Amino acid sequence: MPSWNRSQNPPDVLPPSIIMGLVIACALPLVTNLFGIRWGINPVDAGPALQQVRGEIIVTLLSWTAACTGVVTAVSAFSMFRLRGDVTTPILGTALLFCGLMDAANALAINGILVSASDPSRFADFTDAMTRLTYALIITLGTAPFALGFITPEWSGSRNNRNAGFLICAAIVFGLGAFSIVELCAWIPELPKTVFPASSIPRPLDAFTLIIYLITGIFFLPRFYKQYPSLFSHGLLLSVIPHILLQMYMAFGSRRFDDNAAVIAHYLKIVGYLVPFIGLLCDYSRVSQVEAKMLSTEAQLQLARQLQQALLPREAPVIKNYQVAGFSIPAEAVGGDYFDYLVYNDGSIGLVIADVSGHDLGASILMSQTRAFLRADLSVGHDPAIIAERLNRFLCDGDILGHRFVSLFFARLIPEEHELRYIAAGQPGVVLFPDGGTQALSPTGPVLGFDPHCQFVQEQTKLPPGSLLLLYTDGITETTDTSGLALGTQPLYELLHAGQGQSAEHLTSVIKTAVLRHAGERGPVDDLTCLLLKRSPQEASIPLNIGASLAHATKG
């Protein structure tokens with residue numbers, strides 16, 4: 001089950017003002033009784049008709065208030081379950097829905113609207129007691145298995161288990177069940193007696209219910225709340241207080257359905273239903289705030305993505321006898337990969353591909369710093385090794401030591417000499433020849449950002465006519481399909497050898513298609529960046545059909 005991180009979010013405890021309000025609401029009957037204010041209705045046999053039935057009217061109003069509170073809380077609980085999958089919500093929602101509907105059926109039956117009971121007084125006492133007992137049993141049986149570790153709530157996080165149709169059917173079943181039970185009780189000629197006015201415990205069934213609440217409140221609910229904390233489950237825990245007081249009033253003080261203890265008990269039932277409802281509202285408020293922050297963050301990330309994409313080259317430089325193209329696709333809103341072209345005054349071309357560890361906002365910022373440094377360092381010199389050493393010291397001075405690193409392939413192409421001078425700081429490359437051969441450009445130094453004093457060795461190689469320089473980040477070759485098989489390098493080489501007659505831009509598009517097709521519907525899990533440099537052949541080659549090659553390569 002998703003749980004709130006207590007180090008980053010407010011604690012899963014209802015506000016002190018609500019707890020204080022609960023204490024005042026629970027203490028109110030006792031305080032008023034101490035001052036001589038009685039809540040019960042004294043029976044009268046004479047006078048206006050309304051005066052004679054005022055007890056029934058007050059109890060009916062309290063029952064309807066409890067019923068409405070219970071049903072509204074239950075509906076809200078099921079809505080929260082659909083939203084968050086919190087296991088506490090269907091448990092309490094089930095109890096409140098069933099008991100709220102029984103309260104409503106009770107109120108209708110007591111007034112002769114739903115059914116006509118053979119013994120209205122005994123009927124009201126019995127069904128009221130059964131409603132209270134049912135609520136206590138559902139809360140206990142619903143939380144005890146989770147509190148004791150017998151059941152794990154993993155099912156609650158699945159959206160398949162939050163189906164609206166299932167919840168609607170459950171509501172209909174509980175509603176029909178509640179009304180059926182009440183109607184059945186109304187038609188039974190002689191219901192069991194639940195009130196014994198002459199006894200020291202006039203309502204023994206409510207005493208049994210009290211014991212259930214005490215066991216649940218002491219042993220089960222605290223463990224349940226500890227394991228699955230939320231404002232809603234905290235409200236469920238606190239709601240035991242008014243229910244325990246309710247049962248004490250009924251078990252030891254109520255001898256008639258409208259006496260002082262009975263009216264107080266109906267009042268406390270409303271309080272007991274309201275507490276988890278308030279917790280639910282607080283949870284709604286928290287979820288709304290979190291969603292608002294998420295939407296704001298998403299908007300900011302989308303803006304960051306647009307800005308990051310704007311840092312990539314808009315067009316490739318024009319190089320005599322050469323073509324160059326590239327692409328970069330972040331795995332998330334922003335990423336840590338990038339490529340770039342640098343044009344020097346002497347006509348040489350700088351080719352850059354870099355992979356910052358991670359693909360989050362921090363990686364994006366570090367990528368932007370790396371790009372800005374390399375572009376600002378154009379006037380210092382052309383030597384890739386010197387530039388890499390300066391960039392490495394810059395990154396280490398930026399306090400990323402031990403936290404982030406940058407793998408970099410930085411090359412300087414001298415078109416007139418067809419020579420490539422490069423450093424590979426943890427980032428390899430490969431040259432593909434027209435005859436099908438390959439030359440690996442292995443790393444010539446460590447990644448940037450770990451050691452400010454490390455040095456980099458510059459290497460150089462010649463690019464014969466028709467050759468291709470392929471640079472890519474590990475997200476390309478490590479992209480896996482649904483079975484977990486990585487794409488690897490061989491399919492890329494086959495695609496490029498098959499498409500020697502195509503332009504560099506077309507070949508990069510083919511690589512992108514192959515990688516995304518290999519990843520399937522889930523998409524890549526790492527940033528994808530590729531840069532391709534192609535030297536024109538001495539003789540024009542016949543364009544090849546690379547569609548079949550693409551299909552063959554992606555199958556592998």
# chains A, B, ... in the order shown; residues from 1 in each chain; ligands from 1

$ select_by_dssp --residues "region 144-288 of chain A" --states "alpha helix (DSSP H)" --output "PyMOL selection string"
chain A and resi 144-147+164-187+204-215+221-227+231-238+240-253+260-288

$ residues_around --residues "Ile423 (chain A)" --least-positions-apart "3" --cutoff "8 Å" --atoms "only C-alpha atoms" --output "list in words"
Pro384, Ala385, Ala388, Phe409, Phe410, Ala411, Pro443, Thr444, Gly445, Phe456, Val457, Gln458 and Glu459 of chain A

$ write_last_selection --atoms "N, CA, C and O atoms" --output "PDB file, in the first residue's frame"
ATOM      1  N   PRO A 384      41.627  18.187 -28.157  1.00  0.00           N
ATOM      2  CA  PRO A 384      40.564  17.542 -27.368  1.00  0.00           C
ATOM      3  C   PRO A 384      41.018  17.145 -25.972  1.00  0.00           C
ATOM      4  O   PRO A 384      40.231  17.223 -25.013  1.00  0.00           O
ATOM      5  N   ALA A 385      42.286  16.701 -25.813  1.00  0.00           N
ATOM      6  CA  ALA A 385      42.763  16.277 -24.501  1.00  0.00           C
ATOM      7  C   ALA A 385      42.801  17.449 -23.528  1.00  0.00           C
ATOM      8  O   ALA A 385      42.394  17.336 -22.368  1.00  0.00           O
ATOM      9  N   ALA A 388      39.263  18.415 -22.577  1.00  0.00           N
ATOM     10  CA  ALA A 388      38.680  17.446 -21.650  1.00  0.00           C
ATOM     11  C   ALA A 388      39.213  17.638 -20.241  1.00  0.00           C
ATOM     12  O   ALA A 388      38.463  17.534 -19.257  1.00  0.00           O
ATOM     13  N   PHE A 409      32.585  11.686 -25.404  1.00  0.00           N
ATOM     14  CA  PHE A 409      33.414  11.478 -26.604  1.00  0.00           C
ATOM     15  C   PHE A 409      33.505  12.818 -27.301  1.00  0.00           C
ATOM     16  O   PHE A 409      32.487  13.363 -27.754  1.00  0.00           O
ATOM     17  N   PHE A 410      34.726  13.334 -27.359  1.00  0.00           N
ATOM     18  CA  PHE A 410      34.949  14.644 -27.969  1.00  0.00           C
ATOM     19  C   PHE A 410      35.972  14.460 -29.089  1.00  0.00           C
ATOM     20  O   PHE A 410      37.094  13.988 -28.860  1.00  0.00           O
ATOM     21  N   ALA A 411      35.581  14.821 -30.314  1.00  0.00           N
ATOM     22  CA  ALA A 411      36.452  14.629 -31.482  1.00  0.00           C
ATOM     23  C   ALA A 411      36.571  15.925 -32.266  1.00  0.00           C
ATOM     24  O   ALA A 411      35.643  16.741 -32.292  1.00  0.00           O
ATOM     25  N   PRO A 443      37.735   3.713 -25.027  1.00  0.00           N
ATOM     26  CA  PRO A 443      37.965   4.843 -24.121  1.00  0.00           C
ATOM     27  C   PRO A 443      39.447   5.122 -23.929  1.00  0.00           C
ATOM     28  O   PRO A 443      40.264   4.206 -23.816  1.00  0.00           O
ATOM     29  N   THR A 444      39.784   6.411 -23.911  1.00  0.00           N
ATOM     30  CA  THR A 444      41.176   6.830 -23.721  1.00  0.00           C
ATOM     31  C   THR A 444      41.385   7.467 -22.352  1.00  0.00           C
ATOM     32  O   THR A 444      42.463   8.006 -22.098  1.00  0.00           O
ATOM     33  N   GLY A 445      40.380   7.428 -21.508  1.00  0.00           N
ATOM     34  CA  GLY A 445      40.492   8.011 -20.183  1.00  0.00           C
ATOM     35  C   GLY A 445      39.234   7.743 -19.386  1.00  0.00           C
ATOM     36  O   GLY A 445      38.231   7.252 -19.925  1.00  0.00           O
ATOM     37  N   PHE A 456      44.094  12.993 -19.913  1.00  0.00           N
ATOM     38  CA  PHE A 456      43.447  12.273 -21.005  1.00  0.00           C
ATOM     39  C   PHE A 456      44.385  12.181 -22.196  1.00  0.00           C
ATOM     40  O   PHE A 456      45.088  13.148 -22.521  1.00  0.00           O
ATOM     41  N   VAL A 457      44.376  11.028 -22.822  1.00  0.00           N
ATOM     42  CA  VAL A 457      45.244  10.763 -23.973  1.00  0.00           C
ATOM     43  C   VAL A 457      44.460  10.989 -25.250  1.00  0.00           C
ATOM     44  O   VAL A 457      43.344  10.479 -25.411  1.00  0.00           O
ATOM     45  N   GLN A 458      45.037  11.763 -26.140  1.00  0.00           N
ATOM     46  CA  GLN A 458      44.388  12.013 -27.432  1.00  0.00           C
ATOM     47  C   GLN A 458      44.818  10.950 -28.421  1.00  0.00           C
ATOM     48  O   GLN A 458      45.995  10.612 -28.530  1.00  0.00           O
ATOM     49  N   GLU A 459      43.845  10.397 -29.143  1.00  0.00           N
ATOM     50  CA  GLU A 459      44.117   9.442 -30.211  1.00  0.00           C
ATOM     51  C   GLU A 459      43.663  10.049 -31.531  1.00  0.00           C
ATOM     52  O   GLU A 459      42.956  11.077 -31.557  1.00  0.00           O
TER      53      GLU A 459
END

$ select_by_dssp --residues "region 298-468 of chain A" --states "strand (DSSP E)" --output "ChimeraX atom specification"
/A:322-329,337-343,349-356,406-414,419-425,429-432,438-441,459-462,468

$ residues_around --residues "Lys512 (chain A)" --least-positions-apart "4" --cutoff "9 Å" --atoms "only C-alpha atoms" --output "list of chain:residue names"
A:Phe327, A:Ile476, A:Leu507, A:Thr508, A:Leu516, A:Arg517, A:Leu528, A:Cys530

$ residues_around --residues "Thr477 (chain A)" --least-positions-apart "6" --cutoff "7 Å" --atoms "only C-alpha atoms" --output "PDB file with C-alpha atoms, in the first residue's frame"
ATOM      1  CA  ALA A 486      19.181  -6.031 -25.093  1.00  0.00           C
ATOM      2  CA  LEU A 487      19.459  -4.649 -28.618  1.00  0.00           C
ATOM      3  CA  GLY A 488      23.269  -4.767 -28.696  1.00  0.00           C
ATOM      4  CA  THR A 489      25.623  -3.353 -31.329  1.00  0.00           C
TER       5      THR A 489
END

$ residues_around --residues "Leu532 (chain A)" --least-positions-apart "2" --cutoff "10 Å" --atoms "only C-alpha atoms" --output "list in words"
Gln323, Val324, Ala325, Gly326, Phe327, Leu351, Val431, Leu468, Leu469, Leu470, Leu471, Tyr472, Ala504, Glu505, Leu507, Thr508, Cys530 and Lys534 of chain A

$ closest_atom_pairs --of "region 437-530 of chain A" --to "region 412-419 of chain A" --cutoff "7 Å" --atoms "only C-alpha atoms" --output "JSON lines"
{"residue": "A:Gln460", "atom": "CA", "partner": "A:Glu419", "partner_atom": "CA", "distance": 6.9}
{"residue": "A:Thr461", "atom": "CA", "partner": "A:Glu419", "partner_atom": "CA", "distance": 5.9}
{"residue": "A:Lys462", "atom": "CA", "partner": "A:Glu419", "partner_atom": "CA", "distance": 4.7}
{"residue": "A:Leu463", "atom": "CA", "partner": "A:His418", "partner_atom": "CA", "distance": 5.6}

$ atom_distance --atom1 "CA of Pro192 (chain A)" --atom2 "CA of Phe126 (chain A)"
7.3 Å

$ closest_residue --among "A:Leu485, A:Val510, A:Ile37, A:Val287" --to "Met80 (chain A)" --atoms "only C-alpha atoms"
A:Val287

$ closest_residue --among "A:Asp397, A:Asp12, A:Asp125, A:Glu521" --to "Pro452 (chain A)" --atoms "only C-alpha atoms"
A:Asp397

$ closest_residue --among "A:Lys320, A:His403, A:His359, A:Arg132" --to "Leu246 (chain A)" --atoms "only C-alpha atoms"
A:Arg132

$ atom_distance --atom1 "CA of His234 (chain A)" --atom2 "CA of Phe150 (chain A)"
21.1 Å

$ atom_distance --atom1 "CA of Thr479 (chain A)" --atom2 "CA of Pro446 (chain A)"
23.6 Å

$ residues_around --residues "Ile241 (chain A)" --least-positions-apart "3" --cutoff "10 Å" --atoms "only C-alpha atoms" --output "ChimeraX atom specification"
/A:22-23,26,213-214,217,236-238,244-246,268,271-272,275

$ residues_around --residues "Ala265 (chain A)" --least-positions-apart "3" --cutoff "9 Å" --atoms "only C-alpha atoms" --output "compact mmCIF listing (two decimals) with C-alpha atoms, in the first residue's frame"
# COMPACT_ATOMS: atom_id res chain seq x y z
CA PRO A 242 -17.21 7.89 20.97
CA HIS A 243 -18.30 4.34 20.13
CA LEU A 245 -18.69 5.81 25.30
CA LEU A 246 -21.84 5.09 23.30
CA GLN A 247 -21.78 1.43 24.33
CA MET A 248 -21.17 2.35 27.98
CA TYR A 249 -24.22 4.63 27.99
CA MET A 250 -26.36 1.98 26.31
CA SER A 254 -30.32 3.04 28.91
CA ASN A 260 -31.13 10.23 28.70
CA ALA A 261 -28.53 7.52 27.97
CA ALA A 262 -30.22 6.40 24.71
CA LEU A 268 -22.33 9.81 20.06
CA LYS A 269 -23.05 7.53 17.11
CA ILE A 270 -23.17 10.61 14.89

$ closest_residue --among "A:Ser368, A:Thr69, A:Ser328, A:Asn345" --to "Leu311 (chain A)" --atoms "only C-alpha atoms"
A:Ser368

$ closest_residue --among "A:Thr529, A:Gln502, A:Ser79, A:Ser121" --to "Val195 (chain A)" --atoms "only C-alpha atoms"
A:Ser121
